[in-house]
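Asker: Below is target-v9.txt; it holds compact mmCIF, C-alpha atoms.
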```
# COMPACT_ATOMS: atom_id res chain seq x y z
CA MET K 1 -42.90 -19.81 -16.74
CA ILE K 2 -39.38 -19.11 -15.47
CA LEU K 3 -38.76 -15.67 -14.02
CA TYR K 4 -35.27 -14.35 -13.26
CA HIS K 5 -33.95 -11.97 -10.62
CA GLY K 6 -30.56 -10.27 -10.84
CA SER K 7 -28.70 -9.49 -7.63
CA TYR K 8 -25.37 -10.02 -5.87
CA LEU K 9 -26.82 -12.77 -3.67
CA VAL K 10 -28.56 -16.06 -4.22
CA ILE K 11 -32.21 -15.34 -3.49
CA GLU K 12 -33.97 -18.57 -2.60
CA LYS K 13 -36.80 -16.97 -0.64
CA PRO K 14 -37.61 -13.39 -1.70
CA ASP K 15 -38.31 -11.04 1.20
CA LEU K 16 -40.12 -7.74 0.59
CA SER K 17 -38.62 -6.18 3.69
CA PHE K 18 -35.41 -5.67 1.66
CA SER K 19 -37.19 -3.80 -1.15
CA ARG K 20 -37.08 -0.04 -1.61
CA ILE K 21 -40.09 2.08 -2.52
CA THR K 22 -38.60 4.24 -5.29
CA PHE K 23 -38.41 1.65 -8.08
CA ASP K 24 -40.51 1.60 -11.26
CA PHE K 25 -43.56 -0.01 -9.67
CA GLY K 26 -42.80 0.85 -6.06
CA LYS K 27 -41.83 -1.57 -3.33
CA GLY K 28 -41.70 -5.11 -4.63
CA PHE K 29 -39.64 -8.07 -5.78
CA TYR K 30 -38.68 -7.55 -9.41
CA THR K 31 -38.28 -10.38 -11.90
CA THR K 32 -38.32 -10.84 -15.66
CA PRO K 33 -38.88 -13.74 -18.05
CA ILE K 34 -35.98 -12.39 -20.15
CA LYS K 35 -32.80 -14.08 -18.92
CA ASP K 36 -30.44 -11.66 -20.69
CA GLN K 37 -32.21 -8.73 -19.07
CA ALA K 38 -31.76 -10.23 -15.58
CA LYS K 39 -28.09 -10.94 -16.38
CA LYS K 40 -27.64 -7.21 -17.08
CA TRP K 41 -29.21 -6.44 -13.71
CA SER K 42 -26.76 -8.89 -12.07
CA LYS K 43 -23.72 -7.44 -13.81
CA ARG K 44 -24.38 -4.02 -12.26
CA PHE K 45 -23.41 -5.50 -8.89
CA ILE K 46 -20.03 -6.91 -9.90
CA ASP K 47 -18.11 -3.65 -9.38
CA THR K 48 -19.84 -2.66 -6.14
CA LYS K 49 -20.50 -6.04 -4.47
CA GLY K 50 -17.89 -8.25 -6.12
CA GLN K 51 -20.30 -10.61 -7.81
CA GLY K 52 -23.49 -10.90 -9.79
CA ILE K 53 -25.97 -13.70 -9.19
CA LEU K 54 -28.93 -14.72 -11.33
CA SER K 55 -31.69 -16.53 -9.44
CA ALA K 56 -34.44 -18.39 -11.32
CA PHE K 57 -37.98 -19.03 -10.13
CA GLU K 58 -40.86 -21.06 -11.45
CA PHE K 59 -44.10 -19.09 -11.61
CA ASP K 60 -47.46 -20.56 -12.58
CA GLU K 61 -49.01 -17.94 -14.86
CA SER K 62 -52.48 -19.40 -14.37
CA SER K 63 -52.36 -18.17 -10.76
CA MET K 64 -52.65 -14.61 -12.07
CA GLN K 65 -56.34 -15.20 -12.79
CA SER K 66 -56.99 -15.25 -9.04
CA LEU K 67 -54.70 -12.30 -8.23
CA ASN K 68 -55.16 -8.55 -8.46
CA CYS K 69 -52.76 -7.73 -11.31
CA LEU K 70 -52.02 -4.57 -13.24
CA THR K 71 -50.47 -4.94 -16.71
CA PHE K 72 -49.03 -2.20 -18.87
CA GLU K 73 -48.93 -3.49 -22.45
CA SER K 74 -46.75 -0.63 -23.71
CA TYR K 75 -45.09 2.60 -22.73
CA SER K 76 -48.13 4.81 -22.38
CA GLU K 77 -49.26 7.93 -20.58
CA GLU K 78 -50.65 5.75 -17.77
CA TRP K 79 -47.35 3.86 -17.51
CA LEU K 80 -45.36 7.12 -17.43
CA GLU K 81 -47.53 8.63 -14.68
CA PHE K 82 -47.31 5.40 -12.67
CA ILE K 83 -43.50 5.19 -12.98
CA VAL K 84 -43.01 8.86 -12.14
CA SER K 85 -45.24 8.56 -9.08
CA CYS K 86 -43.44 5.46 -7.79
CA ARG K 87 -39.93 6.73 -8.54
CA THR K 88 -40.67 9.89 -6.57
CA GLY K 89 -41.71 7.88 -3.50
CA ASN K 90 -45.48 7.61 -3.94
CA ASP K 91 -46.12 3.86 -4.28
CA ILE K 92 -49.51 4.00 -5.97
CA GLY K 93 -49.40 0.28 -6.76
CA VAL K 94 -49.96 -1.02 -3.24
CA LYS K 95 -53.47 -2.24 -4.08
CA TYR K 96 -52.06 -4.70 -6.65
CA GLN K 97 -50.44 -8.05 -5.96
CA ILE K 98 -48.43 -8.17 -9.19
CA ILE K 99 -47.60 -5.40 -11.66
CA ILE K 100 -46.30 -6.26 -15.12
CA GLY K 101 -44.90 -3.80 -17.60
CA GLY K 102 -41.96 -2.13 -19.27
CA ILE K 103 -38.77 -1.19 -17.52
CA ALA K 104 -37.44 2.32 -17.23
CA ASN K 105 -33.99 1.41 -18.57
CA ASP K 106 -31.28 4.07 -19.11
CA ASN K 107 -32.80 5.48 -22.32
CA VAL K 108 -36.29 5.44 -20.87
CA PHE K 109 -35.07 6.87 -17.57
CA ASP K 110 -33.41 9.79 -19.38
CA THR K 111 -36.75 10.60 -21.03
CA ILE K 112 -38.52 10.42 -17.67
CA GLU K 113 -35.92 12.72 -16.10
CA GLU K 114 -36.35 15.22 -18.94
CA TYR K 115 -40.11 15.09 -18.35
CA LEU K 116 -39.71 15.56 -14.58
CA GLN K 117 -37.37 18.52 -15.08
CA GLY K 118 -39.76 20.18 -17.51
CA TYR K 119 -37.60 19.76 -20.62
CA ARG K 120 -40.25 17.58 -22.29
CA THR K 121 -44.01 17.64 -22.10
CA LYS K 122 -45.87 14.45 -21.26
CA GLU K 123 -46.84 14.14 -24.91
CA GLN K 124 -43.21 14.54 -26.07
CA ALA K 125 -42.02 11.97 -23.54
CA ILE K 126 -44.62 9.41 -24.66
CA ALA K 127 -43.81 10.05 -28.32
CA ARG K 128 -40.11 9.40 -27.63
CA LEU K 129 -40.84 6.29 -25.55
CA ARG K 130 -42.83 4.74 -28.39
CA PHE K 131 -39.51 4.16 -30.17
CA GLU K 132 -38.13 2.12 -27.27
CA LYS K 133 -38.66 -1.62 -27.30
CA PRO K 134 -40.15 -2.41 -23.90
CA ASN K 135 -38.51 -5.04 -21.76
CA VAL K 136 -40.82 -6.61 -19.26
CA GLN K 137 -40.70 -6.90 -15.51
CA TYR K 138 -42.95 -8.65 -13.02
CA CYS K 139 -43.14 -6.84 -9.70
CA PHE K 140 -44.48 -8.94 -6.84
CA LYS K 141 -46.04 -6.59 -4.30
CA GLU K 142 -47.14 -9.03 -1.56
CA GLN K 143 -45.03 -11.45 0.46
CA SER K 144 -47.85 -14.02 0.62
CA VAL K 145 -48.08 -14.12 -3.19
CA MET K 146 -44.34 -14.77 -3.52
CA ASP K 147 -44.42 -17.41 -0.80
CA LYS K 148 -47.28 -19.22 -2.52
CA TYR K 149 -46.51 -18.82 -6.23
CA LEU K 150 -42.74 -18.40 -6.69
CA ARG K 151 -40.62 -21.55 -6.40
CA PHE K 152 -36.83 -21.22 -6.40
CA VAL K 153 -35.28 -23.29 -9.19
CA SER K 154 -31.59 -22.37 -9.40
CA SER K 155 -28.94 -19.70 -9.28
CA GLU K 156 -25.77 -18.97 -11.19
CA GLU K 157 -22.90 -16.54 -10.92
CA ILE K 158 -22.75 -13.98 -13.73
CA LYS K 159 -19.36 -12.85 -14.99
```
Can the structure in the file be given as structure tokens, please?

Answerer:
Amino acid sequence: MILYHGSYLVIEKPDLSFSRITFDFGKGFYTTPIKDQAKKWSKRFIDTKGQGILSAFEFDESSMQSLNCLTFESYSEEWLEFIVSCRTGNDIGVKYQIIIGGIANDNVFDTIEEYLQGYRTKEQAIARLRFEKPNVQYCFKEQSVMDKYLRFVSSEEIK
């Protein structure tokens, strides 16, 4: 499987020390099998960093059988609680090596913010999220897993 990472740099060897804790699944290296999604991530850097770069990696899915993975199949109550916890600085996913699940894109993020601010109940937030088509992200939580299972393939500038 090819996984993509959007940035403003070519990333040949991912390094977790550059990751921040307050992302969807906490500190990790974020990728997606959806090239267009990663291109959108890259384009966000053009105005601030002057360029967007899409890096591609080969990942052997069969390796996941030997790893401690957490997968969210849909936007669910468990997913919402996990995202909210991580985005507020409590990385509850540290016991996993890879976390796979939907992305809190702008529409989803708005719903999460409304939930956090008390404008929506958890049930209302989940009901609204069910109408969103989940994109998928793979969050690599351990440097050793990336070093062993992600192989840099290529990069390209996004315009």

Asker: Around the point (-23.4, -10.9, -6.9) (coordinates from the file), which residues reach within 6 Å if we count all atoms listed in the file? Answer as a list in words.

Answerer: Ser7, Tyr8, Leu9, Phe45, Gln51, Gly52 and Ile53 of chain K

Asker: Find the residue from K:Phe59, K:Phe18, K:Tyr138, K:Phe152 that sits nearest to Ile99 (chain K); use only C-alpha atoms when measuring.

Answerer: K:Tyr138

Asker: One decimal, Å: what's the distance from CA of Ser155 (chain K) over to CA of Gln65 (chain K), could you say?

Answerer: 28.0 Å

Asker: Out of K:Gln124, K:Ser55, K:Phe25, K:Ile112, which residue has the shortest atom-to-atom distance to Lys13 (chain K) when counting all atoms listed in the file?

Answerer: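 Selected residue with least distance to Lys13 (chain K): K:Ser55.
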
Asker: Please compute the CA of Asp60 (chain K)-CA of Tyr149 (chain K) distance, one decimal, in Å.

Answerer: 6.7 Å

Asker: Can you tell me how far CA of Asp15 (chain K) sits from CA of Leu150 (chain K), in Å to one decimal?

Answerer: 11.7 Å

Asker: So, counting all atoms listed in the file, which residue among K:Ile83, K:Ala56, K:Leu16, K:Val108 is closest to Arg130 (chain K)?

Answerer: K:Val108

Asker: Restricting the calculation to only C-alpha atoms, which member of K:Cys86, K:Ile126, K:Val136, K:Leu67 is positioned closest to Gln37 (chain K)?

Answerer: K:Val136

Asker: Given the point (-34.1, -10.0, -18.9) in the file's coordinates, find the residues that have an atom at most 9 Å from it, counting only C-alpha atoms, and give them as a ChimeraX atom specification.

Answerer: /K:3-6,31-41,135-137

Asker: Which residue is closest to Glu114 (chain K)? Choose from K:Ile100, K:Phe57, K:Phe82, K:Leu129 and count all atoms listed in the file.

Answerer: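 Checking each of K:Ile100, K:Phe57, K:Phe82, K:Leu129 against Glu114 (chain K), counting all atoms listed in the file, the winner is K:Leu129.
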
Asker: Just want the 9 Å neighbourhood of Gln143 (chain K), counted on only C-alpha atoms, with same-chain residues fewer than 5 positions away dropped. Output as JSON, numbers by chain.

Answerer: {"K": [14, 15, 16, 17, 28, 29, 148]}

Asker: Can you write just those residues out, C-alpha atoms, as a PDB file, in the coordinates of the input?

Answerer:
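And here is the file that came out, selection-v3.pdb:
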```
ATOM      1  CA  PRO K  14     -37.610 -13.390  -1.700  1.00  0.00           C
ATOM      2  CA  ASP K  15     -38.310 -11.040   1.200  1.00  0.00           C
ATOM      3  CA  LEU K  16     -40.120  -7.740   0.590  1.00  0.00           C
ATOM      4  CA  SER K  17     -38.620  -6.180   3.690  1.00  0.00           C
ATOM      5  CA  GLY K  28     -41.700  -5.110  -4.630  1.00  0.00           C
ATOM      6  CA  PHE K  29     -39.640  -8.070  -5.780  1.00  0.00           C
ATOM      7  CA  LYS K 148     -47.280 -19.220  -2.520  1.00  0.00           C
TER       8      LYS K 148
END
```

Asker: Measuring atom to atom with all atoms listed in the file, identify which of K:Val94, K:Ile158, K:Met146, K:Ala104 is nearest to Ser63 (chain K).

Answerer: K:Met146

Asker: Quick one: region 10-44 of chain K with N, CA and C atoms, as a short mmCIF file (atom, residue, chain, number, x, y, z; two decimals), keeping the file's coordinate frame?

Answerer:
```
data_model
loop_
_atom_site.label_atom_id
_atom_site.label_comp_id
_atom_site.auth_asym_id
_atom_site.auth_seq_id
_atom_site.Cartn_x
_atom_site.Cartn_y
_atom_site.Cartn_z
N VAL K 10 -27.58 -15.04 -3.85
CA VAL K 10 -28.56 -16.06 -4.22
C VAL K 10 -29.83 -15.73 -3.45
N ILE K 11 -30.93 -15.62 -4.14
CA ILE K 11 -32.21 -15.34 -3.49
C ILE K 11 -33.09 -16.58 -3.62
N GLU K 12 -33.13 -17.37 -2.56
CA GLU K 12 -33.97 -18.57 -2.60
C GLU K 12 -35.39 -18.26 -2.14
N LYS K 13 -35.49 -17.34 -1.17
CA LYS K 13 -36.80 -16.97 -0.64
C LYS K 13 -36.87 -15.44 -0.63
N PRO K 14 -37.51 -14.86 -1.65
CA PRO K 14 -37.61 -13.39 -1.70
C PRO K 14 -38.29 -12.83 -0.45
N ASP K 15 -37.80 -11.68 -0.01
CA ASP K 15 -38.31 -11.04 1.20
C ASP K 15 -38.53 -9.56 0.90
N LEU K 16 -39.78 -9.13 0.91
CA LEU K 16 -40.12 -7.74 0.59
C LEU K 16 -39.53 -6.72 1.55
N SER K 17 -39.15 -7.14 2.73
CA SER K 17 -38.62 -6.18 3.69
C SER K 17 -37.30 -5.57 3.20
N PHE K 18 -36.65 -6.20 2.20
CA PHE K 18 -35.41 -5.67 1.66
C PHE K 18 -35.63 -4.76 0.44
N SER K 19 -36.87 -4.60 0.05
CA SER K 19 -37.19 -3.80 -1.15
C SER K 19 -37.30 -2.33 -0.80
N ARG K 20 -36.94 -1.49 -1.79
CA ARG K 20 -37.08 -0.04 -1.61
C ARG K 20 -38.30 0.45 -2.37
N ILE K 21 -38.84 1.57 -1.97
CA ILE K 21 -40.09 2.08 -2.52
C ILE K 21 -39.91 2.81 -3.85
N THR K 22 -38.75 3.35 -4.15
CA THR K 22 -38.60 4.24 -5.29
C THR K 22 -38.17 3.55 -6.59
N PHE K 23 -38.64 2.34 -6.81
CA PHE K 23 -38.41 1.65 -8.08
C PHE K 23 -39.60 1.88 -9.01
N ASP K 24 -39.50 1.35 -10.23
CA ASP K 24 -40.51 1.60 -11.26
C ASP K 24 -41.95 1.40 -10.78
N PHE K 25 -42.21 0.29 -10.13
CA PHE K 25 -43.56 -0.01 -9.67
C PHE K 25 -43.67 0.01 -8.15
N GLY K 26 -42.77 0.73 -7.51
CA GLY K 26 -42.80 0.85 -6.06
C GLY K 26 -42.12 -0.33 -5.38
N LYS K 27 -42.43 -0.50 -4.12
CA LYS K 27 -41.83 -1.57 -3.33
C LYS K 27 -42.31 -2.92 -3.86
N GLY K 28 -41.34 -3.80 -4.11
CA GLY K 28 -41.70 -5.11 -4.63
C GLY K 28 -40.48 -5.93 -4.95
N PHE K 29 -40.71 -7.16 -5.34
CA PHE K 29 -39.64 -8.07 -5.78
C PHE K 29 -39.74 -8.14 -7.29
N TYR K 30 -38.68 -7.71 -7.97
CA TYR K 30 -38.68 -7.55 -9.41
C TYR K 30 -38.04 -8.75 -10.12
N THR K 31 -38.75 -9.25 -11.10
CA THR K 31 -38.28 -10.38 -11.90
C THR K 31 -38.58 -10.10 -13.37
N THR K 32 -38.04 -10.95 -14.23
CA THR K 32 -38.32 -10.84 -15.66
C THR K 32 -38.24 -12.23 -16.28
N PRO K 33 -39.02 -12.48 -17.32
CA PRO K 33 -38.88 -13.74 -18.05
C PRO K 33 -37.73 -13.70 -19.06
N ILE K 34 -37.06 -12.56 -19.18
CA ILE K 34 -35.98 -12.39 -20.15
C ILE K 34 -34.64 -12.57 -19.43
N LYS K 35 -34.03 -13.73 -19.64
CA LYS K 35 -32.80 -14.08 -18.92
C LYS K 35 -31.69 -13.06 -19.15
N ASP K 36 -31.50 -12.63 -20.40
CA ASP K 36 -30.44 -11.66 -20.69
C ASP K 36 -30.65 -10.34 -19.95
N GLN K 37 -31.90 -9.95 -19.79
CA GLN K 37 -32.21 -8.73 -19.07
C GLN K 37 -31.80 -8.88 -17.60
N ALA K 38 -32.12 -10.00 -16.98
CA ALA K 38 -31.76 -10.23 -15.58
C ALA K 38 -30.24 -10.34 -15.42
N LYS K 39 -29.56 -10.89 -16.43
CA LYS K 39 -28.09 -10.94 -16.38
C LYS K 39 -27.52 -9.52 -16.33
N LYS K 40 -28.10 -8.61 -17.11
CA LYS K 40 -27.64 -7.21 -17.08
C LYS K 40 -27.85 -6.61 -15.70
N TRP K 41 -28.98 -6.92 -15.06
CA TRP K 41 -29.21 -6.44 -13.71
C TRP K 41 -28.11 -6.97 -12.78
N SER K 42 -27.78 -8.26 -12.92
CA SER K 42 -26.76 -8.89 -12.07
C SER K 42 -25.40 -8.25 -12.26
N LYS K 43 -25.04 -7.98 -13.51
CA LYS K 43 -23.72 -7.44 -13.81
C LYS K 43 -23.48 -6.08 -13.17
N ARG K 44 -24.54 -5.33 -12.90
CA ARG K 44 -24.38 -4.02 -12.26
C ARG K 44 -23.80 -4.13 -10.86
#
```
